[in-house]
There are 2 protein chains.
Amino acid sequence: SPQGTRDQRPAHMALRERLFATVVACFKRHGAAAMDTPALELRETLMGKYGDSAKLIYELQDQGGELLALRYDLTVPFARYLAMNKITTMKRYHIAKVYRRDSPATSRGRYREFYQCDFDIAGHFDPMIPDAECLKIVHEILSELKLGDFLIKVNDRRILHGVFAICGIPESKFVSTCSSVDKLDKMPWEDVRSEMVGEKGLSPEAADRIGEYVRLHGGLDLIEQLLQDPKLSQNKLAKEGLGDMKLLFEYLTLFGITGKICFDLSLARGLDYYTGVIFEAVLVQQNDHVEESVGSVAGGGRYDGLVGMFDPKGRKVPCVGVSIGIERIFSIMERRVKASGEKVRATETQVLVATPQKHLLGARLKLISELWDAGIKAEILYKKDPKLLKQLQYCEDTGIPLVAIIGEQELVDGVVKLRVVTTREEV
Amino acid sequence: SPQGTRDQRPAHMALRERLFATVVACFKRHGAAAMDTPALELRETLMGKYGDSAKLIYELQDQGGELLALRYDLTVPFARYLAMNKITTMKRYHIAKVYRRDSPATSRGRYREFYQCDFDIAGHFDPMIPDAECLKIVHEILSELKLGDFLIKVNDRRILHGVFAICGIPESKFVSTCSSVDKLDKMPWEDVRSEMVGEKGLSPEAADRIGEYVRLHGGLDLIEQLLQDPKLSQNKLAKEGLGDMKLLFEYLTLFGITGKICFDLSLARGLDYYTGVIFEAVLVQQNDHVEESVGSVAGGGRYDGLVGMFDPKGRKVPCVGVSIGIERIFSIMERRVKASGEKVRATETQVLVATPQKHLLGARLKLISELWDAGIKAEILYKKDPKLLKQLQYCEDTGIPLVAIIGEQELVDGVVKLRVVTTREEV
């Protein structure tokens, strides 16, 4: 199979179905509708939406007709769909494969074909109500999956831009400064600072001023403190962002989930299209009494400008959404199942129809047909005269819990012998 | 969106989920495991497997590295998977999108990106037991979907080849003769005959001899008759095929489904790789007391040679499988739902949390949070102070059956008023 891709074998699929079921149940609980778009998009739809990453887009050969490419994420197709159909209100989820010509690090669970799992709310609404629901969803899913302790970091692009502005950064350097700030979860401040000064061309003083802000994190108290900050409170964007952040925390308090939420000024997120609230959920581990992040498992934010890029008149549809890092979560679950020694069944068969003597294939076929018609998940071995031991062995190998045995005596008596595989109990 | 593709909007998706659920339940009832392969395959994997149709394969641009293409069906990737992993026994289903650069006839439900829905049994087993199960599966699915009356036509490539041989057709013309015979469900015999003589170069006498056979159809009686046929019974392949067909009918009788099965010598199937039993299910309609086929909704057969094409030593893994024509069935269901006026809900929300007065957003958020945490599917309007009428209207538009109303009085009394949307009953 192609480099960076993989076949999903049955044991994988069974675990994956379990994971998808939890996530989909949560999305449906929040009233989202399912949707799908083609894996193929016109190249022009994707171009100019991903910045530098555009080089990772798979393009199709020109075989006559349109120039096509494979989708890179689910957000741009969603925005294209809304604009194309002039839809101004929608709450949908979309679970599907996306494609990136990345250097495959398959050992770390990164592939060129992988699933994304998105929930988005589009529409003109009162501030922060849909945004708060997105965070509630992340909280519900991570709680239900029992992956361990987690933290949801929240910030707002407007606050970051306000901070940059009052620190004297020219607007042309906001995006590149953002990408430096975004590295604070992997690099110490000193390294980020020298990148800002060395590579991004900020003055050491500006960098130091930024450093004083982006290392702050907290809750409502921090929001209040920044709203009192003499410089920041003078910046229009920052003030808007902080006001909304306060409202968001109010709603999250009503949802009872602020215990896992952290307002973190170092959170910047990579994508260009975010315009407001941004967030990212990380799993945290206690190592020697120090809390340590072990990677992002969900992220998202508000992108109010993307749909307008597809509308001929530039009409905007505000959107906020969350993407569950399903592949990362899957590889954590897989490792855990492996460690626990749990054997994941690839099938759901409830009973094997077996015979202890020869020349009874007809009886087996008749009985299994009755079981199927009654909605019971049943199998037989595809042999005319299989040995009973082989039939029992098949149950143990595949985890089938029951055997329905029909032999000469059972035929005479008009009964079926039911055997529990693990206990060998028979009735 | 690209030509010949379409977005699956929520109402589509809801109906599609219903259809998939029925099909998957049947596959699981028969002990199949789920599996997936990448949508991308190496070009060399697909080449030489589809005959003329290879020109419809989507190729990816050479962006450095391997030459890739989009999968054309799910059978070839399955065979590649078995050979690559040296798997000799497997029962799996696979539901996924495939890609064909066909002339889009989207009005007739034909697309360039569409779902296939396959169940296959691979392994060395006693004859006709897995083959019979495939037919049982088609019978179960079509019965459950209630699409109307149906008929499953069965034939065997070996019988057809035997017929061609005793009619004096050279082996080099078997495949092209097959494709003429395959048209008998759409064209009268006279037209098929003149294609055989004119285009395929058969002698008129040979064509007439073929005509006497391929217009036969029936059940066990016909099998017996052909087994007595002085010429056909002398042909080794035909004899094998007829013997197996008799066995198949024996098993289908035990399954109690022969009423819908027809041994039909005109069934040839398009694909090159079939080597034994072939079958196709059609919906039938009574028009003026004449039974008329309204198109194929499932098909399949035995392909014992395909896996060997991917094995370096050519080791064969016999396979038999069935493909459910999910897109065709979907478009029938869609037409039927439209005609019935049934409104398919795109979401599953059970209750809307509403307030009749202003300044009660906090109460709404607290209550809905409780409902979500209790696993209840609930929504609110994303407005601070929505009008009650708007909230009730939203329920009627989206089919939400219940409203949980919390007003000033309810807050004082510590209760919630529950309202049934259709009857306006309140408790």
# chains A, B, ... in the order shown; residues from 1 in each chain; ligands from 1
>>> residues_around(residues="region 120-135 of chain A", least_positions_apart="2", cutoff="6 Å", atoms="only C-alpha atoms", output="ChimeraX atom specification")
/A:88-92,137-138,248,317-321 /B:382-383
>>> residues_around(residues="Arg419 (chain B)", least_positions_apart="6", cutoff="9 Å", atoms="only C-alpha atoms", output="VMD selection string")
chain B and resid 401 to 405 425 to 427
>>> write_last_selection(atoms="all heavy atoms", output="short mmCIF file (atom, residue, chain, number, x, y, z; two decimals), in the first residue's frame")
data_model
loop_
_atom_site.label_atom_id
_atom_site.label_comp_id
_atom_site.auth_asym_id
_atom_site.auth_seq_id
_atom_site.Cartn_x
_atom_site.Cartn_y
_atom_site.Cartn_z
N PRO B 401 -39.56 16.81 19.49
CA PRO B 401 -40.89 16.49 20.04
C PRO B 401 -41.25 17.19 21.35
O PRO B 401 -42.43 17.37 21.63
CB PRO B 401 -40.84 14.97 20.23
CG PRO B 401 -39.39 14.65 20.34
CD PRO B 401 -38.63 15.68 19.56
N LEU B 402 -40.26 17.56 22.15
CA LEU B 402 -40.56 18.10 23.48
C LEU B 402 -39.88 19.45 23.73
O LEU B 402 -38.81 19.72 23.21
CB LEU B 402 -40.06 17.13 24.57
CG LEU B 402 -40.71 15.75 24.64
CD1 LEU B 402 -39.95 14.87 25.61
CD2 LEU B 402 -42.18 15.87 25.05
N VAL B 403 -40.53 20.28 24.56
CA VAL B 403 -39.91 21.52 25.02
C VAL B 403 -39.86 21.50 26.54
O VAL B 403 -40.87 21.22 27.18
CB VAL B 403 -40.73 22.77 24.60
CG1 VAL B 403 -39.85 24.02 24.68
CG2 VAL B 403 -41.31 22.61 23.21
N ALA B 404 -38.69 21.76 27.09
CA ALA B 404 -38.56 21.92 28.54
C ALA B 404 -38.55 23.41 28.81
O ALA B 404 -37.61 24.11 28.46
CB ALA B 404 -37.28 21.27 29.04
N ILE B 405 -39.66 23.91 29.42
CA ILE B 405 -39.81 25.36 29.61
C ILE B 405 -39.48 25.73 31.05
O ILE B 405 -39.99 25.13 32.00
CB ILE B 405 -41.25 25.81 29.26
CG1 ILE B 405 -41.53 25.47 27.78
CG2 ILE B 405 -41.42 27.30 29.51
CD1 ILE B 405 -42.96 25.68 27.36
N GLU B 425 -49.84 19.61 24.92
CA GLU B 425 -50.05 19.12 26.27
C GLU B 425 -48.88 19.57 27.16
O GLU B 425 -47.74 19.52 26.74
CB GLU B 425 -50.07 17.59 26.19
CG GLU B 425 -50.73 16.86 27.34
CD GLU B 425 -50.59 15.35 27.09
OE1 GLU B 425 -50.48 14.93 25.90
OE2 GLU B 425 -50.60 14.61 28.08
N GLU B 426 -49.18 20.00 28.40
CA GLU B 426 -48.10 20.44 29.30
C GLU B 426 -48.19 19.76 30.66
O GLU B 426 -49.29 19.60 31.19
CB GLU B 426 -48.15 21.97 29.49
CG GLU B 426 -47.81 22.75 28.22
CD GLU B 426 -47.75 24.26 28.45
OE1 GLU B 426 -48.32 24.73 29.46
OE2 GLU B 426 -47.11 24.93 27.63
N VAL B 427 -47.07 19.37 31.19
CA VAL B 427 -47.02 18.86 32.58
C VAL B 427 -45.88 19.56 33.30
O VAL B 427 -44.88 19.93 32.69
CB VAL B 427 -46.80 17.33 32.65
CG1 VAL B 427 -48.06 16.59 32.26
CG2 VAL B 427 -45.62 16.91 31.77
#
>>> residues_around(residues="Glu41 (chain B)", least_positions_apart="5", cutoff="9 Å", atoms="only C-alpha atoms", output="compact mmCIF listing (two decimals) with N, CA, C and O atoms, in the first residue's frame")
# COMPACT_ATOMS: atom_id res chain seq x y z
N SER A 1 0.85 -1.19 0.00
CA SER A 1 0.00 0.00 0.00
C SER A 1 0.89 1.25 0.00
O SER A 1 2.05 1.16 0.38
N PRO A 2 0.33 2.37 -0.43
CA PRO A 2 1.17 3.57 -0.58
C PRO A 2 1.81 4.01 0.74
O PRO A 2 1.23 3.84 1.82
N LEU B 46 -3.75 -1.44 -9.39
CA LEU B 46 -5.03 -1.40 -10.09
C LEU B 46 -4.92 -1.79 -11.56
O LEU B 46 -5.88 -2.29 -12.15
N LEU B 67 3.72 6.47 -7.79
CA LEU B 67 2.61 6.81 -8.68
C LEU B 67 1.34 6.23 -8.09
O LEU B 67 1.23 5.02 -7.88
N LEU B 68 0.37 7.11 -7.83
CA LEU B 68 -0.82 6.69 -7.10
C LEU B 68 -2.09 6.84 -7.94
O LEU B 68 -2.12 7.57 -8.94
N ALA B 69 -3.13 6.16 -7.52
CA ALA B 69 -4.44 6.28 -8.16
C ALA B 69 -5.51 6.10 -7.09
O ALA B 69 -5.23 5.58 -6.00
N LEU B 70 -6.73 6.56 -7.37
CA LEU B 70 -7.83 6.34 -6.44
C LEU B 70 -8.46 4.98 -6.71
O LEU B 70 -8.59 4.57 -7.87
N ARG B 71 -8.88 4.31 -5.65
CA ARG B 71 -9.43 2.96 -5.85
C ARG B 71 -10.67 3.00 -6.72
O ARG B 71 -11.48 3.94 -6.65
N PRO B 77 -8.58 -3.99 -3.91
CA PRO B 77 -7.84 -3.70 -2.67
C PRO B 77 -7.93 -4.85 -1.64
O PRO B 77 -6.97 -5.12 -0.94
>>> residues_around(residues="Leu145 (chain B)", least_positions_apart="6", cutoff="12 Å", atoms="only C-alpha atoms", output="VMD selection string")
chain B and resid 18 to 23 26 138 to 139 283 297 324 326 329 to 330 332 to 333
>>> write_last_selection(atoms="all heavy atoms", output="compact mmCIF listing (two decimals), in the first residue's frame")
# COMPACT_ATOMS: atom_id res chain seq x y z
N ARG B 18 -29.67 5.19 7.88
CA ARG B 18 -30.70 4.19 8.08
C ARG B 18 -30.40 2.96 7.21
O ARG B 18 -30.46 1.82 7.66
CB ARG B 18 -32.05 4.81 7.66
CG ARG B 18 -33.22 4.40 8.48
CD ARG B 18 -34.51 4.85 7.82
NE ARG B 18 -34.93 6.19 8.20
CZ ARG B 18 -36.04 6.78 7.71
NH1 ARG B 18 -36.81 6.14 6.81
NH2 ARG B 18 -36.37 7.98 8.09
N LEU B 19 -30.06 3.22 5.95
CA LEU B 19 -29.76 2.16 5.00
C LEU B 19 -28.51 1.39 5.42
O LEU B 19 -28.51 0.14 5.47
CB LEU B 19 -29.57 2.78 3.61
CG LEU B 19 -29.16 1.90 2.45
CD1 LEU B 19 -30.09 0.73 2.28
CD2 LEU B 19 -29.12 2.73 1.16
N PHE B 20 -27.44 2.11 5.74
CA PHE B 20 -26.20 1.46 6.16
C PHE B 20 -26.43 0.61 7.40
O PHE B 20 -25.88 -0.48 7.52
CB PHE B 20 -25.12 2.51 6.47
CG PHE B 20 -24.47 3.10 5.24
CD1 PHE B 20 -23.92 4.38 5.27
CD2 PHE B 20 -24.39 2.39 4.06
CE1 PHE B 20 -23.31 4.94 4.14
CE2 PHE B 20 -23.79 2.94 2.93
CZ PHE B 20 -23.25 4.21 2.98
N ALA B 21 -27.25 1.10 8.33
CA ALA B 21 -27.48 0.37 9.58
C ALA B 21 -28.08 -1.01 9.28
O ALA B 21 -27.67 -2.01 9.87
CB ALA B 21 -28.38 1.17 10.51
N THR B 22 -29.05 -1.07 8.36
CA THR B 22 -29.67 -2.35 8.00
C THR B 22 -28.64 -3.30 7.39
O THR B 22 -28.57 -4.48 7.73
CB THR B 22 -30.79 -2.12 6.96
OG1 THR B 22 -31.70 -1.18 7.50
CG2 THR B 22 -31.52 -3.41 6.63
N VAL B 23 -27.84 -2.77 6.47
CA VAL B 23 -26.87 -3.60 5.77
C VAL B 23 -25.77 -4.09 6.72
O VAL B 23 -25.43 -5.28 6.74
CB VAL B 23 -26.27 -2.81 4.58
CG1 VAL B 23 -25.16 -3.61 3.92
CG2 VAL B 23 -27.36 -2.48 3.57
N CYS B 26 -26.87 -6.83 9.04
CA CYS B 26 -26.91 -8.13 8.37
C CYS B 26 -25.51 -8.72 8.25
O CYS B 26 -25.28 -9.90 8.54
CB CYS B 26 -27.57 -8.00 7.01
SG CYS B 26 -27.59 -9.57 6.10
N VAL B 138 -28.09 -11.54 0.56
CA VAL B 138 -28.83 -10.69 -0.38
C VAL B 138 -30.33 -10.81 -0.08
O VAL B 138 -31.05 -9.80 -0.03
CB VAL B 138 -28.55 -11.11 -1.84
CG1 VAL B 138 -29.44 -10.35 -2.80
CG2 VAL B 138 -27.09 -10.89 -2.19
N HIS B 139 -30.79 -12.03 0.14
CA HIS B 139 -32.20 -12.27 0.44
C HIS B 139 -32.63 -11.55 1.71
O HIS B 139 -33.69 -10.90 1.74
CB HIS B 139 -32.42 -13.78 0.57
CG HIS B 139 -33.86 -14.20 0.56
ND1 HIS B 139 -34.65 -14.14 1.69
CD2 HIS B 139 -34.66 -14.66 -0.43
CE1 HIS B 139 -35.88 -14.56 1.38
NE2 HIS B 139 -35.91 -14.88 0.10
N LEU B 283 -34.90 -5.99 -8.86
CA LEU B 283 -36.26 -5.73 -8.38
C LEU B 283 -37.21 -6.01 -9.53
O LEU B 283 -36.92 -5.68 -10.68
CB LEU B 283 -36.39 -4.28 -7.93
CG LEU B 283 -35.52 -3.85 -6.76
CD1 LEU B 283 -35.85 -2.42 -6.35
CD2 LEU B 283 -35.71 -4.78 -5.57
N VAL B 297 -29.83 -4.57 -8.08
CA VAL B 297 -29.59 -3.94 -6.78
C VAL B 297 -28.53 -4.67 -5.95
O VAL B 297 -28.20 -4.23 -4.84
CB VAL B 297 -30.88 -3.82 -5.94
CG1 VAL B 297 -31.77 -2.71 -6.50
CG2 VAL B 297 -31.63 -5.13 -5.89
N ILE B 324 -23.59 -4.96 -2.46
CA ILE B 324 -24.95 -4.43 -2.40
C ILE B 324 -24.97 -3.09 -3.14
O ILE B 324 -24.14 -2.22 -2.86
CB ILE B 324 -25.39 -4.23 -0.93
CG1 ILE B 324 -25.24 -5.53 -0.12
CG2 ILE B 324 -26.83 -3.71 -0.86
CD1 ILE B 324 -26.09 -6.68 -0.57
N ILE B 326 -25.72 -0.07 -3.15
CA ILE B 326 -26.21 0.85 -2.13
C ILE B 326 -26.68 2.18 -2.72
O ILE B 326 -27.67 2.76 -2.26
CB ILE B 326 -25.08 1.05 -1.07
CG1 ILE B 326 -25.64 1.40 0.28
CG2 ILE B 326 -24.02 2.03 -1.52
CD1 ILE B 326 -26.02 0.22 1.08
N ILE B 329 -30.07 1.56 -4.43
CA ILE B 329 -31.09 1.37 -3.39
C ILE B 329 -31.40 2.70 -2.71
O ILE B 329 -32.56 3.03 -2.45
CB ILE B 329 -30.60 0.33 -2.35
CG1 ILE B 329 -30.50 -1.05 -3.01
CG2 ILE B 329 -31.53 0.29 -1.14
CD1 ILE B 329 -29.89 -2.13 -2.13
N PHE B 330 -30.33 3.48 -2.47
CA PHE B 330 -30.52 4.78 -1.83
C PHE B 330 -31.42 5.68 -2.68
O PHE B 330 -32.32 6.34 -2.17
CB PHE B 330 -29.18 5.45 -1.57
CG PHE B 330 -29.32 6.80 -0.93
CD1 PHE B 330 -29.75 6.90 0.37
CD2 PHE B 330 -29.05 7.95 -1.64
CE1 PHE B 330 -29.89 8.15 0.97
CE2 PHE B 330 -29.19 9.19 -1.06
CZ PHE B 330 -29.62 9.29 0.25
N ILE B 332 -33.66 4.78 -4.82
CA ILE B 332 -35.04 4.26 -4.74
C ILE B 332 -35.71 4.71 -3.43
O ILE B 332 -36.83 5.21 -3.42
CB ILE B 332 -35.06 2.72 -4.84
CG1 ILE B 332 -34.57 2.26 -6.22
CG2 ILE B 332 -36.44 2.15 -4.55
CD1 ILE B 332 -34.31 0.78 -6.33
N MET B 333 -34.97 4.55 -2.34
CA MET B 333 -35.51 4.95 -1.03
C MET B 333 -35.82 6.44 -0.99
O MET B 333 -36.84 6.86 -0.45
CB MET B 333 -34.51 4.63 0.09
CG MET B 333 -34.46 3.18 0.50
SD MET B 333 -33.15 2.84 1.71
CE MET B 333 -33.75 3.71 3.16
>>> select_by_dssp(residues="region 135-164 of chain A", states="helix (DSSP H, G or I)", output="number ranges by chain")
A: 135-145, 157-164
>>> write_last_selection(atoms="N, CA, C and O atoms", output="mmCIF file, in the first residue's frame")
data_model
loop_
_atom_site.group_PDB
_atom_site.id
_atom_site.type_symbol
_atom_site.label_atom_id
_atom_site.label_comp_id
_atom_site.auth_asym_id
_atom_site.auth_seq_id
_atom_site.Cartn_x
_atom_site.Cartn_y
_atom_site.Cartn_z
ATOM 1 N N LEU A 135 -16.761 24.020 23.865
ATOM 2 C CA LEU A 135 -15.896 23.613 24.977
ATOM 3 C C LEU A 135 -16.571 22.539 25.820
ATOM 4 O O LEU A 135 -15.926 21.596 26.287
ATOM 5 N N LYS A 136 -17.885 22.664 25.994
ATOM 6 C CA LYS A 136 -18.638 21.640 26.740
ATOM 7 C C LYS A 136 -18.501 20.279 26.045
ATOM 8 O O LYS A 136 -18.359 19.240 26.696
ATOM 9 N N ILE A 137 -18.544 20.305 24.724
ATOM 10 C CA ILE A 137 -18.429 19.068 23.944
ATOM 11 C C ILE A 137 -17.063 18.415 24.151
ATOM 12 O O ILE A 137 -16.968 17.200 24.377
ATOM 13 N N VAL A 138 -16.009 19.217 24.090
ATOM 14 C CA VAL A 138 -14.673 18.675 24.324
ATOM 15 C C VAL A 138 -14.608 18.052 25.721
ATOM 16 O O VAL A 138 -14.099 16.943 25.907
ATOM 17 N N HIS A 139 -15.173 18.768 26.695
ATOM 18 C CA HIS A 139 -15.183 18.287 28.075
ATOM 19 C C HIS A 139 -15.926 16.960 28.188
ATOM 20 O O HIS A 139 -15.458 16.014 28.821
ATOM 21 N N GLU A 140 -17.077 16.869 27.552
ATOM 22 C CA GLU A 140 -17.864 15.626 27.609
ATOM 23 C C GLU A 140 -17.120 14.454 26.985
ATOM 24 O O GLU A 140 -17.062 13.361 27.539
ATOM 25 N N ILE A 141 -16.561 14.693 25.789
ATOM 26 C CA ILE A 141 -15.906 13.593 25.063
ATOM 27 C C ILE A 141 -14.672 13.103 25.812
ATOM 28 O O ILE A 141 -14.484 11.906 26.011
ATOM 29 N N LEU A 142 -13.833 14.035 26.277
ATOM 30 C CA LEU A 142 -12.618 13.608 26.976
ATOM 31 C C LEU A 142 -12.946 12.952 28.308
ATOM 32 O O LEU A 142 -12.252 12.035 28.742
ATOM 33 N N SER A 143 -14.023 13.396 28.966
ATOM 34 C CA SER A 143 -14.423 12.743 30.217
ATOM 35 C C SER A 143 -14.887 11.323 29.943
ATOM 36 O O SER A 143 -14.503 10.383 30.630
ATOM 37 N N GLU A 144 -15.728 11.173 28.901
ATOM 38 C CA GLU A 144 -16.284 9.850 28.619
ATOM 39 C C GLU A 144 -15.231 8.852 28.168
ATOM 40 O O GLU A 144 -15.331 7.660 28.452
ATOM 41 N N LEU A 145 -14.247 9.328 27.419
ATOM 42 C CA LEU A 145 -13.244 8.407 26.886
ATOM 43 C C LEU A 145 -12.260 7.941 27.955
ATOM 44 O O LEU A 145 -11.517 6.985 27.747
ATOM 45 N N ARG A 157 -7.763 35.276 19.669
ATOM 46 C CA ARG A 157 -6.854 35.927 18.723
ATOM 47 C C ARG A 157 -6.850 37.439 18.907
ATOM 48 O O ARG A 157 -5.830 38.104 18.731
ATOM 49 N N ARG A 158 -8.014 38.000 19.292
ATOM 50 C CA ARG A 158 -8.093 39.447 19.453
ATOM 51 C C ARG A 158 -7.245 39.924 20.630
ATOM 52 O O ARG A 158 -6.622 40.983 20.591
ATOM 53 N N ILE A 159 -7.211 39.104 21.699
ATOM 54 C CA ILE A 159 -6.381 39.467 22.856
ATOM 55 C C ILE A 159 -4.900 39.427 22.456
ATOM 56 O O ILE A 159 -4.133 40.351 22.752
ATOM 57 N N LEU A 160 -4.521 38.364 21.740
ATOM 58 C CA LEU A 160 -3.129 38.247 21.291
ATOM 59 C C LEU A 160 -2.732 39.438 20.424
ATOM 60 O O LEU A 160 -1.665 40.027 20.603
ATOM 61 N N HIS A 161 -3.598 39.774 19.469
ATOM 62 C CA HIS A 161 -3.288 40.892 18.580
ATOM 63 C C HIS A 161 -3.201 42.194 19.370
ATOM 64 O O HIS A 161 -2.338 43.040 19.091
ATOM 65 N N GLY A 162 -4.060 42.339 20.390
ATOM 66 C CA GLY A 162 -3.998 43.510 21.258
ATOM 67 C C GLY A 162 -2.663 43.571 22.002
ATOM 68 O O GLY A 162 -2.019 44.630 22.077
ATOM 69 N N VAL A 163 -2.249 42.425 22.521
ATOM 70 C CA VAL A 163 -0.964 42.357 23.223
ATOM 71 C C VAL A 163 0.169 42.765 22.277
ATOM 72 O O VAL A 163 1.014 43.600 22.618
ATOM 73 N N PHE A 164 0.163 42.212 21.055
ATOM 74 C CA PHE A 164 1.224 42.529 20.094
ATOM 75 C C PHE A 164 1.232 44.032 19.797
ATOM 76 O O PHE A 164 2.286 44.654 19.719
#
